[in-house]
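Below: one structure, written as structure tokens.
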Amino acid sequence: MKILVCISHVPDTTSKINFTNGDSEFDTNGVQFVINPNDEFGLTRAIWFQEQQGANVTVVNVGGPDTEPTLRKALAIGANEAIRVNANPTDGFFVAKQLAEVIKNGGYDLIIAGKESLDYNGGMVPGMLAGLLGYNFVNSCIEVKVDGTSATASREIDGGKEIVSTSLPLIIGGQKGLVEEKDLRIPNMRGIMTARTKVLTVLEPVAANTETKAVKFEKPAPKSAVKLFSADDLDGLVNALHNEAKVI
């Protein structure tokens, strides 16, 4: 089985976020980047298929040379090879077009993408990929099993989960649940050294339109100061909840 794991290169959640050029562009200065958490769950599941069923795992990213350390980390975790499409990921449709070309040329059986990236939270790419390729698709996937050319997947729905059966090739939009956080892999020294010798192929992008454009970014309003009430001032607390916070 050939598995392709789509990797997004996203800011660490502990990074301080700023914008430039009239708040129309993300400022990358001083920001540390990591594997998108939803993609990391998918990568760990792919490594499980590698260990249990002999799958070959390839990771792919659409981005510039600055994303290669993220791909190398994925190789250190256990992926067999990596692909970087040498293009700025301008929007979801553009990224989906690039990934679709990689998938068509690679003959992959299972494509694992995070249901959304942690930076833009667009949630578009996995569904667009399925539409472009005509592949089966399961979003919000929290479990997947493969037996030959058949697959069983579970996905989150309101109030529970849905279990579906389908066939390969299959695209999933994965999230936490594909594996537990405790099962995520941390690269060890042997993995880091081995990753240096693994193949990282750079491909030029195919022609594709950019269908959306970020016009402006806005930070959330800062939280207001905490207002404290003494233990015996219940009337003041109730009044503030009713007239100021308007929650009762």
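Following the order of the structure tokens, first chain is A, next is B, and so on, with residues numbered from 1 inside each chain and ligands from 1 in the order they appear.
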
Enumerate the residues of stretch 85-235 of chain A with a DSSP assignment of strand (DSSP E or B), computed from the backbone, and present them as a VMD selection string.
chain A and resid 85 110 to 114 136 to 147 150 to 157 160 to 167 170 to 174 200 to 203

Might you pull out every residue within 12 Å of A:Glu162, with only C-alpha atoms counted and same-chain residues fewer than 2 positions away left off, and present them as an mmCIF file with N, CA and C atoms, in the first residue's frame?
data_model
loop_
_atom_site.group_PDB
_atom_site.id
_atom_site.type_symbol
_atom_site.label_atom_id
_atom_site.label_comp_id
_atom_site.auth_asym_id
_atom_site.auth_seq_id
_atom_site.Cartn_x
_atom_site.Cartn_y
_atom_site.Cartn_z
ATOM 1 N N VAL A 138 -13.541 10.840 3.224
ATOM 2 C CA VAL A 138 -14.121 10.834 4.561
ATOM 3 C C VAL A 138 -13.495 11.977 5.343
ATOM 4 N N ASN A 139 -14.290 12.932 5.777
ATOM 5 C CA ASN A 139 -13.774 14.079 6.526
ATOM 6 C C ASN A 139 -13.956 13.859 8.027
ATOM 7 N N SER A 140 -13.279 14.685 8.823
ATOM 8 C CA SER A 140 -13.325 14.586 10.296
ATOM 9 C C SER A 140 -13.075 13.155 10.747
ATOM 10 N N CYS A 141 -12.111 12.512 10.115
ATOM 11 C CA CYS A 141 -11.848 11.089 10.333
ATOM 12 C C CYS A 141 -11.068 10.877 11.626
ATOM 13 N N ILE A 142 -11.531 9.945 12.455
ATOM 14 C CA ILE A 142 -10.876 9.655 13.728
ATOM 15 C C ILE A 142 -10.366 8.213 13.807
ATOM 16 N N GLU A 143 -10.616 7.438 12.762
ATOM 17 C CA GLU A 143 -10.076 6.076 12.718
ATOM 18 C C GLU A 143 -10.173 5.570 11.286
ATOM 19 N N VAL A 144 -9.154 4.832 10.850
ATOM 20 C CA VAL A 144 -9.207 4.229 9.519
ATOM 21 C C VAL A 144 -8.477 2.887 9.561
ATOM 22 N N THR A 152 -12.365 0.815 6.201
ATOM 23 C CA THR A 152 -13.415 1.184 7.146
ATOM 24 C C THR A 152 -12.928 2.408 7.906
ATOM 25 N N ALA A 153 -13.772 3.432 7.960
ATOM 26 C CA ALA A 153 -13.367 4.682 8.604
ATOM 27 C C ALA A 153 -14.452 5.148 9.561
ATOM 28 N N SER A 154 -14.031 5.820 10.617
ATOM 29 C CA SER A 154 -14.959 6.452 11.557
ATOM 30 C C SER A 154 -14.748 7.953 11.488
ATOM 31 N N ARG A 155 -15.845 8.674 11.557
ATOM 32 C CA ARG A 155 -15.719 10.128 11.548
ATOM 33 C C ARG A 155 -16.633 10.735 12.593
ATOM 34 N N GLU A 156 -16.243 11.897 13.094
ATOM 35 C CA GLU A 156 -17.050 12.583 14.101
ATOM 36 C C GLU A 156 -18.270 13.216 13.463
ATOM 37 N N ILE A 157 -19.420 13.053 14.099
ATOM 38 C CA ILE A 157 -20.636 13.765 13.722
ATOM 39 C C ILE A 157 -21.226 14.355 15.000
ATOM 40 N N ASP A 158 -22.197 15.226 14.871
ATOM 41 C CA ASP A 158 -22.811 15.825 16.056
ATOM 42 C C ASP A 158 -23.399 14.736 16.945
ATOM 43 N N GLY A 159 -22.924 14.685 18.163
ATOM 44 C CA GLY A 159 -23.481 13.745 19.130
ATOM 45 C C GLY A 159 -22.918 12.348 19.074
ATOM 46 N N GLY A 160 -21.914 12.100 18.236
ATOM 47 C CA GLY A 160 -21.379 10.744 18.186
ATOM 48 C C GLY A 160 -20.411 10.549 17.047
ATOM 49 N N VAL A 164 -18.153 4.179 8.358
ATOM 50 C CA VAL A 164 -18.461 3.965 6.945
ATOM 51 C C VAL A 164 -17.474 2.972 6.352
ATOM 52 N N SER A 165 -17.925 2.252 5.338
ATOM 53 C CA SER A 165 -17.029 1.369 4.586
ATOM 54 C C SER A 165 -16.910 1.908 3.171
#

DSSP says alpha helix (DSSP H) for which residues of stretch 6-185 of chain A? Put them as a PyMOL selection string?
chain A and resi 37-53+68-77+92-106+125-133

Counting only C-alpha atoms, figure out which residue out of A:Gly92, A:Gly64, A:Gly22, A:Gly42 gets nearest to A:Asn209.
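Of the candidates, the smallest distance to A:Asn209 is held by A:Gly92.
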
Proximity to A:Arg45 - best of A:Pro11, A:Gly177, A:Pro187, A:Pro69, only C-alpha atoms:
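The closest residue to A:Arg45 is A:Gly177.
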
Residues within 8 Å of A:Phe94, please, as an MDAnalysis selection string. Count only C-alpha atoms; anything in the same chain fewer than 3 positions from it doesn't count.
chainID A and resid 89:91 97:98 208:211

Please provide the set of residues having any atom within 6 Å of A:Ala82, restricted to only C-alpha atoms, with same-chain residues fewer than 3 positions apart removed, written as a list of chain:residue names.
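Using only C-alpha atoms, the neighbours found are A:Thr58, A:Val59, A:Val60, A:Leu200.
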
Atom CA of A:Ala76 to atom CA of A:Asn29, distance in Å rounded to a single decimal
25.7 Å

Residue nearest A:Gly106 - candidates A:Met189, A:Leu4, A:Leu133, A:Ala74, atoms counted: only C-alpha atoms:
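Comparing A:Met189, A:Leu4, A:Leu133, A:Ala74 against A:Gly106, the winner is A:Leu4.
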
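Our summary of the geometry notes that atom CA of A:Trp48 is positioned 14.0 Å from atom CA of A:Asp147.
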
Using only C-alpha atoms, which protein or nucleic acid residues come within 10 Å of A:Val31? Drop anything in the same chain fewer than 3 positions from it, and give the result as a VMD selection string.
chain A and resid 10 to 18 27 to 28 34

Which value, in Å to one decimal, gives the distance between atom CA of A:Ile3 and atom CA of A:Thr194?
19.8 Å

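Near A:Arg196, within a cut-off of 9 Å and counting only C-alpha atoms, sit the residues Arg72, Leu75, Ala76, Gly191, Ile192, Met193, Thr194, Lys198 and Val199 of chain A, with same-chain residues fewer than 2 positions away left out.
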
Go ahead and write the residues just picked, N, CA, C and O atoms, as a PDB file, in the first residue's frame.
ATOM      1  N   ARG A  72      11.838  17.284   6.757  1.00  0.00           N
ATOM      2  CA  ARG A  72      12.898  16.440   7.316  1.00  0.00           C
ATOM      3  C   ARG A  72      12.475  15.859   8.664  1.00  0.00           C
ATOM      4  O   ARG A  72      12.825  14.727   9.010  1.00  0.00           O
ATOM      5  N   LEU A  75      10.403  12.945   7.910  1.00  0.00           N
ATOM      6  CA  LEU A  75      11.257  11.819   7.524  1.00  0.00           C
ATOM      7  C   LEU A  75      11.911  11.195   8.756  1.00  0.00           C
ATOM      8  O   LEU A  75      12.045   9.971   8.848  1.00  0.00           O
ATOM      9  N   ALA A  76      12.298  12.033   9.715  1.00  0.00           N
ATOM     10  CA  ALA A  76      12.906  11.521  10.937  1.00  0.00           C
ATOM     11  C   ALA A  76      11.912  10.725  11.766  1.00  0.00           C
ATOM     12  O   ALA A  76      12.279   9.773  12.465  1.00  0.00           O
ATOM     13  N   GLY A 191      16.700   8.405  13.938  1.00  0.00           N
ATOM     14  CA  GLY A 191      15.773   8.868  12.911  1.00  0.00           C
ATOM     15  C   GLY A 191      16.250  10.150  12.253  1.00  0.00           C
ATOM     16  O   GLY A 191      16.119  10.329  11.035  1.00  0.00           O
ATOM     17  N   ILE A 192      16.819  11.057  13.059  1.00  0.00           N
ATOM     18  CA  ILE A 192      17.318  12.326  12.526  1.00  0.00           C
ATOM     19  C   ILE A 192      18.479  12.080  11.569  1.00  0.00           C
ATOM     20  O   ILE A 192      18.556  12.687  10.483  1.00  0.00           O
ATOM     21  N   MET A 193      19.387  11.191  11.937  1.00  0.00           N
ATOM     22  CA  MET A 193      20.528  10.885  11.069  1.00  0.00           C
ATOM     23  C   MET A 193      20.078  10.191   9.793  1.00  0.00           C
ATOM     24  O   MET A 193      20.561  10.499   8.701  1.00  0.00           O
ATOM     25  N   THR A 194      19.115   9.266   9.915  1.00  0.00           N
ATOM     26  CA  THR A 194      18.618   8.552   8.737  1.00  0.00           C
ATOM     27  C   THR A 194      17.897   9.491   7.786  1.00  0.00           C
ATOM     28  O   THR A 194      17.970   9.339   6.563  1.00  0.00           O
ATOM     29  N   LYS A 198      17.503  10.257   3.269  1.00  0.00           N
ATOM     30  CA  LYS A 198      16.269   9.918   2.557  1.00  0.00           C
ATOM     31  C   LYS A 198      16.005  10.916   1.428  1.00  0.00           C
ATOM     32  O   LYS A 198      16.432  12.073   1.488  1.00  0.00           O
ATOM     33  N   VAL A 199      15.278  10.464   0.434  1.00  0.00           N
ATOM     34  CA  VAL A 199      15.032  11.272  -0.763  1.00  0.00           C
ATOM     35  C   VAL A 199      14.023  12.378  -0.476  1.00  0.00           C
ATOM     36  O   VAL A 199      12.946  12.121   0.067  1.00  0.00           O
TER      37      VAL A 199
END

My list of candidates is A:Asp23, A:Glu218, A:Glu81, A:Asp39. Which is closest to A:Gly114 when distances are computed with only C-alpha atoms?
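Among A:Asp23, A:Glu218, A:Glu81, A:Asp39, it is A:Asp39 that comes nearest to A:Gly114.
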